[in-house]
>>> print(open('structure.csv').read())   # CSV, C-alpha atoms
chain,number,residue,atom,x,y,z
P,3,MET,CA,0.0,0.0,0.0
P,4,SER,CA,1.5,3.4,-1.0
P,5,LYS,CA,1.8,6.3,1.4
P,6,ARG,CA,-0.8,8.2,-0.7
P,7,GLN,CA,-3.3,5.3,-0.3
P,8,LEU,CA,-2.6,5.2,3.4
P,9,SER,CA,-3.2,8.9,3.9
P,10,GLN,CA,-6.5,8.7,2.0
P,11,LEU,CA,-7.6,5.8,4.2
P,12,VAL,CA,-6.8,7.7,7.5
P,13,PHE,CA,-7.8,11.2,6.7
P,14,LEU,CA,-10.7,11.0,4.3
P,15,ARG,CA,-14.1,10.9,6.0
P,16,PRO,CA,-15.6,7.4,5.4
P,17,GLN,CA,-18.6,7.2,3.2
P,18,LEU,CA,-20.9,4.4,4.4
P,19,PRO,CA,-22.3,2.3,1.6
P,20,ARG,CA,-26.1,2.0,1.3
P,21,ALA,CA,-26.0,-1.7,2.1
P,22,CYS,CA,-24.7,-0.9,5.6
P,23,PRO,CA,-27.3,0.4,8.1
P,24,PRO,CA,-26.7,3.9,9.4
P,25,LEU,CA,-24.8,4.4,12.6
P,26,ARG,CA,-26.9,5.8,15.5
P,27,ARG,CA,-25.2,8.7,17.3
P,28,SER,CA,-26.5,10.4,20.4
P,29,PHE,CA,-25.0,13.6,21.9
P,30,THR,CA,-25.7,15.0,25.5
P,31,THR,CA,-26.9,18.6,25.3
P,32,GLY,CA,-27.6,21.2,28.0
P,33,ALA,CA,-27.0,24.7,28.9
P,34,ASN,CA,-24.6,24.0,31.8
P,35,ARG,CA,-22.1,21.3,30.9
P,36,THR,CA,-19.5,20.3,33.4
P,37,ASN,CA,-15.9,19.7,32.4
P,38,SER,CA,-16.6,16.0,33.1
P,39,SER,CA,-19.5,15.9,30.7
P,40,ARG,CA,-17.5,17.8,28.0
P,41,TRP,CA,-14.7,15.2,28.2
P,42,VAL,CA,-17.3,12.4,28.0
P,43,ASN,CA,-18.8,13.9,24.9
P,44,ARG,CA,-15.4,14.4,23.3
P,45,ALA,CA,-14.5,10.8,24.0
P,46,ALA,CA,-17.9,9.6,22.6
P,47,ILE,CA,-17.4,11.6,19.4
P,48,ALA,CA,-13.9,10.3,19.0
P,49,ALA,CA,-15.1,6.7,19.5
P,50,ILE,CA,-18.0,7.2,17.1
P,51,SER,CA,-15.6,8.6,14.4
P,52,LEU,CA,-13.2,5.7,14.9
P,53,SER,CA,-16.0,3.2,14.8
P,54,GLY,CA,-17.4,4.8,11.7
P,55,LEU,CA,-14.0,4.3,10.0
P,56,VAL,CA,-13.7,0.7,11.0
P,57,TYR,CA,-17.4,0.1,10.1
P,58,ALA,CA,-16.8,1.6,6.7
P,59,MET,CA,-13.7,-0.5,6.1
P,60,THR,CA,-15.5,-3.7,6.9
P,61,CYS,CA,-18.6,-2.9,4.8
P,62,GLN,CA,-16.7,-1.5,1.8
P,63,LYS,CA,-14.8,-3.7,-0.7
P,64,PRO,CA,-11.1,-4.2,0.2
P,65,MET,CA,-8.7,-1.7,-1.2
P,66,LYS,CA,-7.2,-3.1,-4.4
P,67,LEU,CA,-3.4,-3.3,-4.7
P,68,ASP,CA,-2.2,-3.0,-8.3
P,69,ALA,CA,0.8,-5.0,-9.5
P,70,ARG,CA,3.3,-2.2,-8.9
P,71,SER,CA,2.0,-1.5,-5.4
P,72,LEU,CA,2.3,-5.2,-4.6
P,73,ALA,CA,5.9,-5.3,-5.9
P,74,GLU,CA,6.7,-2.3,-3.6
P,75,LEU,CA,5.1,-4.1,-0.7
P,76,ASP,CA,7.1,-7.3,-1.3
P,77,GLU,CA,10.4,-5.3,-1.5
P,78,ARG,CA,9.6,-3.6,1.8
P,79,THR,CA,8.7,-6.9,3.4
P,80,LYS,CA,12.0,-8.5,2.3
P,81,ARG,CA,14.0,-5.4,3.5
P,82,GLU,CA,12.3,-5.0,6.9
P,83,LYS,CA,11.3,-8.5,7.9
P,84,GLY,CA,13.3,-10.8,5.8
P,85,VAL,CA,12.0,-14.1,4.4
P,86,ASP,CA,11.2,-17.2,6.5
P,87,GLU,CA,8.9,-20.2,6.4
P,88,ASN,CA,5.8,-18.0,7.2
P,89,SER,CA,6.5,-15.6,4.3
P,90,PRO,CA,4.4,-15.8,1.1
P,91,MET,CA,5.5,-18.6,-1.1
P,92,ARG,CA,6.5,-16.2,-3.9
P,93,LEU,CA,9.1,-14.7,-1.6
P,94,ARG,CA,10.4,-18.1,-0.3
P,95,MET,CA,10.8,-19.3,-3.9
P,96,GLU,CA,12.5,-16.1,-5.0
P,97,GLU,CA,15.0,-16.4,-2.1
P,98,PHE,CA,15.8,-20.0,-2.9
P,99,ILE,CA,16.5,-19.5,-6.6
P,100,ARG,CA,18.7,-16.5,-5.9
P,101,GLU,CA,20.8,-18.8,-3.7
P,102,GLN,CA,20.9,-21.5,-6.3
P,103,GLN,CA,21.9,-19.0,-9.1
P,104,LYS,CA,24.9,-18.0,-7.0
P,105,ALA,CA,25.9,-21.7,-6.3
P,106,ILE,CA,25.6,-22.8,-9.9
P,107,VAL,CA,27.5,-19.8,-11.3
P,108,PHE,CA,30.2,-20.3,-8.8
P,109,GLU,CA,30.8,-24.0,-9.9
P,110,LEU,CA,30.6,-23.1,-13.6
P,111,GLU,CA,33.2,-20.3,-13.2
P,112,LYS,CA,35.5,-22.7,-11.4
P,113,LEU,CA,35.2,-25.2,-14.3
P,114,ASP,CA,35.5,-22.7,-17.1
P,115,GLY,CA,38.1,-20.3,-15.7
P,116,LYS,CA,36.2,-17.3,-17.0
P,117,SER,CA,33.7,-15.1,-15.1
P,118,PHE,CA,30.1,-14.6,-16.0
P,119,ARG,CA,28.9,-11.1,-16.8
P,120,GLU,CA,26.2,-10.1,-14.3
P,121,ASP,CA,23.4,-7.6,-15.3
P,122,THR,CA,20.8,-6.6,-12.8
P,123,TRP,CA,17.7,-5.1,-14.3
P,124,THR,CA,14.3,-3.8,-13.2
P,125,ARG,CA,10.8,-3.6,-14.7
P,126,GLU,CA,8.8,-0.4,-14.6
P,127,LYS,CA,5.6,-2.1,-13.4
P,128,GLY,CA,7.4,-4.3,-10.8
P,129,GLY,CA,10.0,-7.0,-10.7
P,130,GLY,CA,13.2,-7.4,-12.6
P,131,GLY,CA,16.0,-9.9,-12.5
P,132,ILE,CA,19.7,-10.9,-12.7
P,133,SER,CA,21.2,-12.2,-15.9
P,134,CYS,CA,24.5,-14.0,-15.6
P,135,VAL,CA,26.0,-14.7,-19.0
P,136,LEU,CA,29.2,-16.3,-20.1
P,137,GLN,CA,30.3,-15.9,-23.7
P,138,GLU,CA,33.3,-17.3,-25.5
P,139,GLY,CA,34.6,-19.1,-22.4
P,140,ASN,CA,37.2,-21.9,-22.3
P,141,VAL,CA,34.6,-24.6,-21.8
P,142,PHE,CA,31.3,-23.0,-22.7
P,143,GLU,CA,30.9,-21.1,-26.0
P,144,LYS,CA,27.8,-19.5,-24.5
P,145,GLY,CA,25.9,-20.0,-21.3
P,146,GLY,CA,23.4,-18.1,-19.1
P,147,VAL,CA,21.9,-18.5,-15.7
P,148,ASN,CA,19.1,-16.0,-15.4
P,149,ILE,CA,16.5,-15.0,-12.8
P,150,SER,CA,13.3,-13.2,-13.9
P,151,VAL,CA,10.6,-11.7,-11.6
P,152,VAL,CA,7.5,-10.3,-13.2
P,153,TYR,CA,4.5,-8.5,-11.6
P,154,GLY,CA,1.7,-7.9,-14.2
P,155,THR,CA,-1.9,-8.1,-15.0
P,156,LEU,CA,-3.7,-10.8,-17.0
P,157,SER,CA,-6.4,-9.7,-19.5
P,158,LYS,CA,-9.8,-11.5,-19.7
P,159,PRO,CA,-8.7,-13.5,-22.8
P,160,ALA,CA,-5.5,-14.6,-21.0
P,161,ILE,CA,-7.5,-15.7,-17.9
P,162,ALA,CA,-10.0,-17.7,-20.1
P,163,LYS,CA,-7.1,-19.5,-21.8
P,164,MET,CA,-5.4,-20.4,-18.5
P,165,LYS,CA,-8.7,-21.6,-17.0
P,166,ALA,CA,-8.4,-24.7,-19.3
P,167,ASN,CA,-5.7,-26.0,-16.9
P,168,HIS,CA,-6.6,-24.1,-13.8
P,169,LYS,CA,-10.2,-24.3,-12.8
P,170,ASN,CA,-9.5,-22.4,-9.6
P,171,LEU,CA,-8.7,-19.2,-11.4
P,172,ALA,CA,-11.1,-16.4,-10.5
P,173,GLU,CA,-13.6,-15.1,-13.1
P,174,ALA,CA,-12.6,-11.5,-13.6
P,175,GLU,CA,-12.0,-8.8,-16.2
P,176,GLU,CA,-8.4,-8.8,-15.1
P,177,LEU,CA,-6.1,-10.5,-12.5
P,178,ASP,CA,-2.8,-9.3,-11.1
P,179,PHE,CA,-0.1,-12.0,-11.4
P,180,TYR,CA,3.4,-12.8,-10.2
P,181,ALA,CA,5.8,-15.0,-12.3
P,182,LEU,CA,9.2,-16.1,-11.2
P,183,GLY,CA,11.7,-18.3,-12.8
P,184,LEU,CA,15.3,-19.5,-12.9
P,185,SER,CA,16.4,-20.4,-16.4
P,186,MET,CA,19.7,-21.8,-17.5
P,187,VAL,CA,21.2,-23.0,-20.8
P,188,LEU,CA,24.8,-24.1,-21.4
P,189,HIS,CA,26.3,-24.6,-24.9
P,190,PRO,CA,29.8,-26.2,-24.6
P,191,ARG,CA,32.5,-25.7,-27.2
P,192,ASN,CA,33.4,-29.3,-27.5
P,193,PRO,CA,30.8,-31.3,-29.7
P,194,MET,CA,31.3,-34.3,-27.4
P,195,ALA,CA,29.9,-32.3,-24.4
P,196,PRO,CA,26.1,-32.0,-24.3
P,197,THR,CA,24.1,-28.8,-24.1
P,198,VAL,CA,21.9,-28.7,-21.0
P,199,HIS,CA,18.8,-26.7,-20.2
P,200,LEU,CA,17.1,-26.0,-16.9
P,201,ASN,CA,14.1,-24.0,-15.8
P,202,TYR,CA,12.2,-23.9,-12.5
P,203,ARG,CA,9.3,-21.5,-12.0
P,204,TYR,CA,6.4,-20.3,-9.9
P,205,PHE,CA,3.2,-18.5,-11.0
P,206,GLU,CA,0.6,-16.9,-8.8
P,207,THR,CA,-2.5,-14.8,-9.3
P,208,MET,CA,-3.6,-12.4,-6.6
P,209,GLN,CA,-6.7,-11.3,-4.7
P,210,PRO,CA,-7.4,-7.5,-4.7
P,211,ASP,CA,-5.6,-7.2,-1.3
P,212,GLY,CA,-2.4,-8.9,-2.6
P,213,THR,CA,-3.0,-12.4,-1.1
P,214,SER,CA,-2.6,-15.5,-3.2
P,215,GLN,CA,-5.6,-16.5,-5.3
P,216,ALA,CA,-4.2,-19.4,-7.4
P,217,TRP,CA,-0.7,-20.8,-7.7
P,218,TRP,CA,1.4,-23.5,-9.5
P,219,PHE,CA,4.9,-24.6,-10.0
P,220,GLY,CA,6.6,-25.8,-13.2
P,221,GLY,CA,10.0,-26.7,-14.5
P,222,GLY,CA,12.4,-29.4,-15.5
P,223,CYS,CA,15.9,-30.2,-16.8
P,224,ASP,CA,17.0,-31.9,-20.1
P,225,LEU,CA,20.1,-32.9,-21.9
P,226,THR,CA,20.9,-32.3,-25.6
P,227,PRO,CA,24.0,-34.1,-26.9
P,228,SER,CA,25.4,-33.9,-30.4
P,229,TYR,CA,27.2,-37.2,-29.8
P,230,LEU,CA,25.5,-39.8,-27.6
P,231,PHE,CA,27.3,-41.5,-24.7
P,232,ASP,CA,24.9,-44.0,-23.1
P,233,GLU,CA,26.7,-43.7,-19.7
P,234,ASP,CA,26.0,-39.9,-19.7
P,235,ALA,CA,22.4,-40.4,-20.4
P,236,VAL,CA,22.0,-43.0,-17.7
P,237,HIS,CA,23.7,-40.9,-15.1
P,238,PHE,CA,21.7,-37.8,-16.0
P,239,HIS,CA,18.4,-39.6,-15.8
P,240,LYS,CA,19.3,-41.6,-12.7
P,241,THR,CA,20.1,-38.4,-10.8
P,242,LEU,CA,16.8,-36.8,-11.7
P,243,LYS,CA,14.9,-40.0,-10.9
P,244,GLU,CA,16.4,-40.0,-7.4
P,245,ALA,CA,15.3,-36.4,-6.8
P,246,CYS,CA,11.8,-37.3,-8.0
P,247,ASP,CA,11.5,-40.6,-6.0
P,248,LYS,CA,12.0,-38.7,-2.7
P,249,HIS,CA,8.6,-37.2,-3.2
P,250,ASN,CA,6.5,-39.5,-5.4
P,251,LYS,CA,7.5,-42.6,-7.3
P,252,GLU,CA,5.1,-41.7,-10.1
P,253,TYR,CA,6.8,-38.3,-10.7
P,254,TYR,CA,9.8,-39.5,-12.8
P,255,PRO,CA,8.1,-41.8,-15.3
P,256,LYS,CA,5.3,-39.2,-15.7
P,257,PHE,CA,7.6,-36.2,-16.1
P,258,LYS,CA,10.1,-38.0,-18.2
P,259,LYS,CA,7.3,-38.9,-20.7
P,260,TRP,CA,6.1,-35.3,-20.5
P,261,CYS,CA,9.6,-34.0,-21.3
P,262,ASP,CA,10.0,-36.3,-24.4
P,263,GLU,CA,6.6,-35.1,-25.7
P,264,TYR,CA,7.1,-31.4,-24.9
P,265,PHE,CA,10.7,-30.9,-26.2
P,266,CYS,CA,9.9,-32.2,-29.7
P,267,ASN,CA,10.4,-30.6,-33.0
P,268,THR,CA,7.2,-31.9,-34.4
P,269,HIS,CA,7.9,-30.4,-37.8
P,270,ARG,CA,11.1,-32.6,-37.9
P,271,GLY,CA,9.6,-35.6,-36.3
P,272,GLU,CA,12.3,-35.8,-33.6
P,273,SER,CA,13.0,-34.7,-30.0
P,274,ARG,CA,15.3,-31.8,-29.3
P,275,GLY,CA,17.5,-34.0,-27.1
P,276,ILE,CA,17.5,-37.1,-24.9
P,277,GLY,CA,15.1,-35.6,-22.4
P,278,GLY,CA,15.1,-35.5,-18.6
P,279,ILE,CA,12.0,-34.3,-16.8
P,280,PHE,CA,9.4,-31.6,-17.5
P,281,PHE,CA,6.3,-30.6,-15.6
P,282,ASP,CA,3.8,-27.8,-15.5
P,283,ASP,CA,0.7,-26.8,-13.5
P,284,LEU,CA,1.9,-28.4,-10.3
P,285,ASP,CA,-0.9,-27.0,-8.0
P,286,GLU,CA,-3.0,-28.0,-5.0
P,287,THR,CA,-4.7,-30.8,-7.0
P,288,VAL,CA,-1.3,-32.6,-7.0
P,289,ALA,CA,0.3,-31.6,-3.7
P,290,ASP,CA,0.1,-28.7,-1.2
P,291,ALA,CA,2.4,-25.7,-1.7
P,292,ASP,CA,5.0,-26.7,0.9
P,293,ASN,CA,5.5,-30.2,-0.5
P,294,SER,CA,5.6,-28.9,-4.1
P,295,PHE,CA,8.2,-26.3,-3.0
P,296,ALA,CA,10.3,-29.1,-1.4
P,297,PHE,CA,10.1,-31.1,-4.6
P,298,ILE,CA,11.3,-28.1,-6.6
P,299,GLN,CA,14.2,-27.6,-4.2
P,300,ASP,CA,15.4,-31.2,-4.6
P,301,CYS,CA,15.1,-31.1,-8.4
P,302,LEU,CA,17.1,-27.8,-8.7
P,303,LYS,CA,19.7,-29.0,-6.2
P,304,SER,CA,20.2,-32.1,-8.3
P,305,PHE,CA,21.5,-30.2,-11.3
P,306,LEU,CA,25.2,-29.9,-10.4
P,307,PRO,CA,25.4,-33.6,-9.5
P,308,SER,CA,23.7,-34.6,-12.7
P,309,TYR,CA,25.7,-32.5,-15.1
P,310,MET,CA,29.1,-31.6,-13.7
P,311,PRO,CA,30.5,-35.2,-14.0
P,312,ILE,CA,29.4,-35.3,-17.6
P,313,ILE,CA,31.0,-32.0,-18.7
P,314,GLU,CA,34.2,-32.9,-16.8
P,315,ARG,CA,34.5,-36.1,-18.8
P,316,ARG,CA,33.8,-34.6,-22.2
P,317,LYS,CA,35.1,-31.0,-22.3
P,318,ASP,CA,38.7,-31.9,-23.3
P,319,MET,CA,38.0,-34.8,-25.7
P,320,PRO,CA,39.5,-34.6,-29.2
P,321,PHE,CA,37.2,-33.9,-32.1
P,322,THR,CA,37.3,-33.3,-35.9
P,323,GLU,CA,36.1,-30.5,-38.0
P,324,LYS,CA,33.3,-32.7,-39.3
P,325,GLU,CA,32.2,-33.4,-35.8
P,326,LYS,CA,32.1,-29.7,-35.1
P,327,GLU,CA,30.0,-29.2,-38.2
P,328,TRP,CA,27.5,-31.8,-36.9
P,329,GLN,CA,27.3,-29.9,-33.6
P,330,GLN,CA,26.4,-26.7,-35.5
P,331,VAL,CA,23.6,-28.6,-37.4
P,332,ARG,CA,22.2,-29.9,-34.1
P,333,ARG,CA,22.3,-26.4,-32.6
P,334,GLY,CA,20.2,-25.3,-35.5
P,335,ARG,CA,17.5,-27.8,-34.5
P,336,TYR,CA,17.8,-26.4,-30.9
P,337,VAL,CA,17.1,-22.9,-32.2
P,338,GLU,CA,14.1,-24.2,-34.2
P,339,PHE,CA,12.4,-25.6,-31.1
P,340,ASN,CA,13.0,-22.5,-29.0
P,341,LEU,CA,11.6,-20.1,-31.5
P,342,VAL,CA,8.8,-22.2,-32.9
P,343,HIS,CA,7.5,-24.4,-30.1
P,344,ASP,CA,8.7,-23.2,-26.7
P,345,ARG,CA,5.9,-21.7,-24.6
P,346,GLY,CA,8.2,-20.0,-22.2
P,347,THR,CA,9.9,-18.1,-25.0
P,348,ALA,CA,6.6,-17.0,-26.4
P,349,PHE,CA,5.2,-16.0,-23.0
P,350,GLY,CA,8.3,-13.9,-22.2
P,351,LEU,CA,8.4,-12.1,-25.5
P,352,ASN,CA,4.7,-11.2,-25.2
P,353,VAL,CA,4.9,-9.8,-21.7
P,354,PRO,CA,5.0,-5.9,-21.9
P,355,GLY,CA,8.4,-4.6,-20.7
P,356,SER,CA,10.1,-8.0,-20.9
P,357,ARG,CA,13.9,-8.1,-21.4
P,358,VAL,CA,14.4,-9.6,-24.8
P,359,GLU,CA,18.2,-10.2,-24.3
P,360,SER,CA,17.6,-12.4,-21.3
P,361,ILE,CA,14.8,-14.3,-23.0
P,362,LEU,CA,16.9,-15.1,-26.1
P,363,MET,CA,20.0,-15.9,-23.9
P,364,SER,CA,19.1,-19.6,-24.6
P,365,LEU,CA,20.2,-19.4,-28.2
P,366,PRO,CA,23.7,-20.6,-29.1
P,367,LEU,CA,26.4,-18.3,-30.2
P,368,THR,CA,26.7,-20.2,-33.5
P,369,ALA,CA,24.5,-22.6,-35.4
P,370,SER,CA,24.1,-23.9,-38.9
P,371,TRP,CA,21.3,-24.9,-41.4
P,372,ARG,CA,22.6,-27.0,-44.2
P,373,TYR,CA,20.2,-27.9,-47.0
P,374,MET,CA,19.1,-31.6,-47.0
P,375,TYR,CA,21.9,-32.5,-44.6
P,376,GLU,CA,21.7,-36.2,-43.8
P,377,PRO,CA,24.1,-38.2,-41.5
P,378,GLU,CA,25.9,-41.2,-43.0
P,379,PRO,CA,24.2,-44.6,-42.5
P,380,ARG,CA,25.4,-46.6,-39.4
P,381,SER,CA,27.3,-43.6,-38.1
P,382,ARG,CA,27.3,-42.1,-34.6
P,383,GLU,CA,25.3,-39.2,-36.0
P,384,GLN,CA,22.7,-41.5,-37.4
P,385,ARG,CA,22.4,-43.4,-34.1
P,386,LEU,CA,21.6,-40.1,-32.3
P,387,VAL,CA,18.9,-39.3,-34.8
P,388,GLU,CA,17.3,-42.7,-34.3
P,389,VAL,CA,17.2,-42.2,-30.6
P,390,LEU,CA,15.7,-38.7,-31.0
P,391,GLN,CA,13.0,-40.2,-33.2
P,392,ASN,CA,12.3,-43.0,-30.8
P,393,PRO,CA,13.0,-41.8,-27.2
P,394,LYS,CA,14.5,-44.4,-24.9
P,395,GLU,CA,14.0,-45.4,-21.2
P,396,TRP,CA,17.4,-44.8,-19.7
P,397,VAL,CA,16.7,-46.0,-16.1
>>> encode(input="structure.csv", output="structure tokens")
Amino acid sequence: MSKRQLSQLVFLRPQLPRACPPLRRSFTTGANRTNSSRWVNRAAIAAISLSGLVYAMTCQKPMKLDARSLAELDERTKREKGVDENSPMRLRMEEFIREQQKAIVFELEKLDGKSFREDTWTREKGGGGISCVLQEGNVFEKGGVNISVVYGTLSKPAIAKMKANHKNLAEAEELDFYALGLSMVLHPRNPMAPTVHLNYRYFETMQPDGTSQAWWFGGGCDLTPSYLFDEDAVHFHKTLKEACDKHNKEYYPKFKKWCDEYFCNTHRGESRGIGGIFFDDLDETVADADNSFAFIQDCLKSFLPSYMPIIERRKDMPFTEKEKEWQQVRRGRYVEFNLVHDRGTAFGLNVPGSRVESILMSLPLTASWRYMYEPEPRSREQRLVEVLQNPKEWV
């Protein structure tokens, strides 16, 4: 709530709505009032004025906080009270992914030997983010680990579209929302080392007073090799499965299948990579907020154990010019998916005031599109294509 709104609430005389019955006020009158009676009357008048204010506040609709006011309120809460287990979920999730961004960047910088460029940015209507980008490094040709926080307003058509998956969304002309995500993409130099993508996010719509109306989590992590090493695929999937199994044995097979289906270049008839896990719309119909948050925490913390042993094994392997050429072709397919099919990219680019550079951070520094390019029969390149066309169960 802004200072201006607070001053209006305190100093403006309350207007009682018609639906509320009028307050009855009685005053003692007389020609000769004692000091005692005057003080009694003054106290009575003060009490009546205060009760009128409280009565009006209870009878009238709650004051509506717009997205920007809510963003300011959240910033003040973090600054003055900090974040703990009793804080709104959006603030708990934000604090967690900020910690994880620092931990991931620290380990990647140790591996690469080159520092990430860090850009902090803000949105006029509330929110902002931190973009950590590494370009032309020793291990990674390009990589980014970004946080984005958005406060905004959903239009009626957007609400109607979302209600297909979220029946608990309120019927309204517009709804204020909060969206938060940690996104990461790493494109190694060496074609033997796989590209990896990660995204964990939280979405919430608000009541007029700023409290949560509907919420859900989403996310996942997936691997995109140019050259397939079965032991890498098994390790990656096994680590993700262990994180999922801590919470629900059905999560991994369900989210692995979802990943294979979502990260698919349908126009090519092949998956983008060898998968991982992917899920969306994880709301109260699946688990309560605290348990869903615990699941997200374990999944995100599993990234470094799932990927670092792989990149350590592959980053210095020898490769030929032809193998580098194949990597460029596969990167072209990666770009196709991100620009044609990815819902996250489309959502980000369509949010007013979004930071385009951070959204398109996922694209590789270099890629190639060769006309009618086909791998040789029975080659390693051909085997990868066969797996992408027919996703495997790795664990």
>>> closest_atom_pairs(input="structure.csv", of="stretch 285-379 of chain P", to="stretch 113-136 of chain P", cutoff="8 Å", atoms="all atoms listed in the file", output="Markdown table")
| residue | atom | partner | partner_atom | distance |
| --- | --- | --- | --- | --- |
| P:Gly355 | CA | P:Arg125 | CA | 6.5 |
| P:Ser356 | CA | P:Arg125 | CA | 7.6 |
| P:Ser360 | CA | P:Ser133 | CA | 6.5 |
| P:Met363 | CA | P:Val135 | CA | 7.8 |
>>> write_last_selection(input="structure.csv", atoms="C-alpha atoms", output="CSV table (one decimal), in the frame of the given file")
chain,number,residue,atom,x,y,z
P,355,GLY,CA,8.4,-4.6,-20.7
P,356,SER,CA,10.1,-8.0,-20.9
P,360,SER,CA,17.6,-12.4,-21.3
P,363,MET,CA,20.0,-15.9,-23.9
>>> residues_around(input="structure.csv", residues="P:Phe280", least_positions_apart="6", cutoff="9 Å", atoms="only C-alpha atoms", output="list of chain:residue names")
P:Gly220, P:Gly221, P:Gly222, P:Cys223, P:Asp224, P:Lys256, P:Phe257, P:Lys258, P:Lys259, P:Trp260, P:Cys261, P:Asp262, P:Tyr264, P:Phe265
>>> atom_distance(input="structure.csv", atom1="atom CA of P:Phe231", atom2="atom CA of P:Tyr202")
26.2 Å
>>> atom_distance(input="structure.csv", atom1="atom CA of P:Arg78", atom2="atom CA of P:Thr207")
19.9 Å
>>> residues_around(input="structure.csv", residues="P:Glu206", least_positions_apart="2", cutoff="12 Å", atoms="only C-alpha atoms", output="PyMOL selection string")
chain P and resi 69+90-93+95+151-156+164+168+170-172+177-183+203-204+208-209+212-220+283-285+291
>>> atom_distance(input="structure.csv", atom1="atom CA of P:Ser308", atom2="atom CA of P:Glu327")
26.8 Å
>>> build_atoms(input="structure.csv", residues="stretch 219-224 of chain P", atoms="all heavy atoms", output="compact mmCIF listing (two decimals), keeping the file's coordinate frame")
# COMPACT_ATOMS: atom_id res chain seq x y z
N PHE P 219 3.52 -24.51 -9.67
CA PHE P 219 4.90 -24.60 -10.00
C PHE P 219 5.11 -25.31 -11.33
O PHE P 219 4.23 -26.05 -11.78
CB PHE P 219 5.68 -25.44 -8.93
CG PHE P 219 5.79 -24.80 -7.58
CD1 PHE P 219 4.82 -25.00 -6.61
CD2 PHE P 219 6.89 -24.00 -7.26
CE1 PHE P 219 4.92 -24.42 -5.35
CE2 PHE P 219 7.00 -23.42 -6.01
CZ PHE P 219 6.02 -23.64 -5.05
N GLY P 220 6.26 -25.10 -11.94
CA GLY P 220 6.60 -25.80 -13.20
C GLY P 220 8.10 -25.91 -13.29
O GLY P 220 8.85 -25.29 -12.53
N GLY P 221 8.56 -26.71 -14.26
CA GLY P 221 10.00 -26.70 -14.50
C GLY P 221 10.50 -28.02 -15.09
O GLY P 221 9.74 -28.82 -15.64
N GLY P 222 11.80 -28.22 -14.95
CA GLY P 222 12.40 -29.40 -15.50
C GLY P 222 13.86 -29.16 -15.91
O GLY P 222 14.38 -28.03 -15.81
N CYS P 223 14.50 -30.23 -16.38
CA CYS P 223 15.90 -30.20 -16.80
C CYS P 223 16.10 -31.23 -17.87
O CYS P 223 15.59 -32.36 -17.73
CB CYS P 223 16.80 -30.44 -15.59
SG CYS P 223 18.56 -30.22 -15.88
N ASP P 224 16.81 -30.89 -18.96
CA ASP P 224 17.00 -31.90 -20.10
C ASP P 224 18.33 -31.71 -20.72
O ASP P 224 18.95 -30.64 -20.66
CB ASP P 224 15.84 -31.68 -21.08
CG ASP P 224 15.81 -30.30 -21.68
OD1 ASP P 224 15.32 -29.36 -21.01
OD2 ASP P 224 16.26 -30.14 -22.83
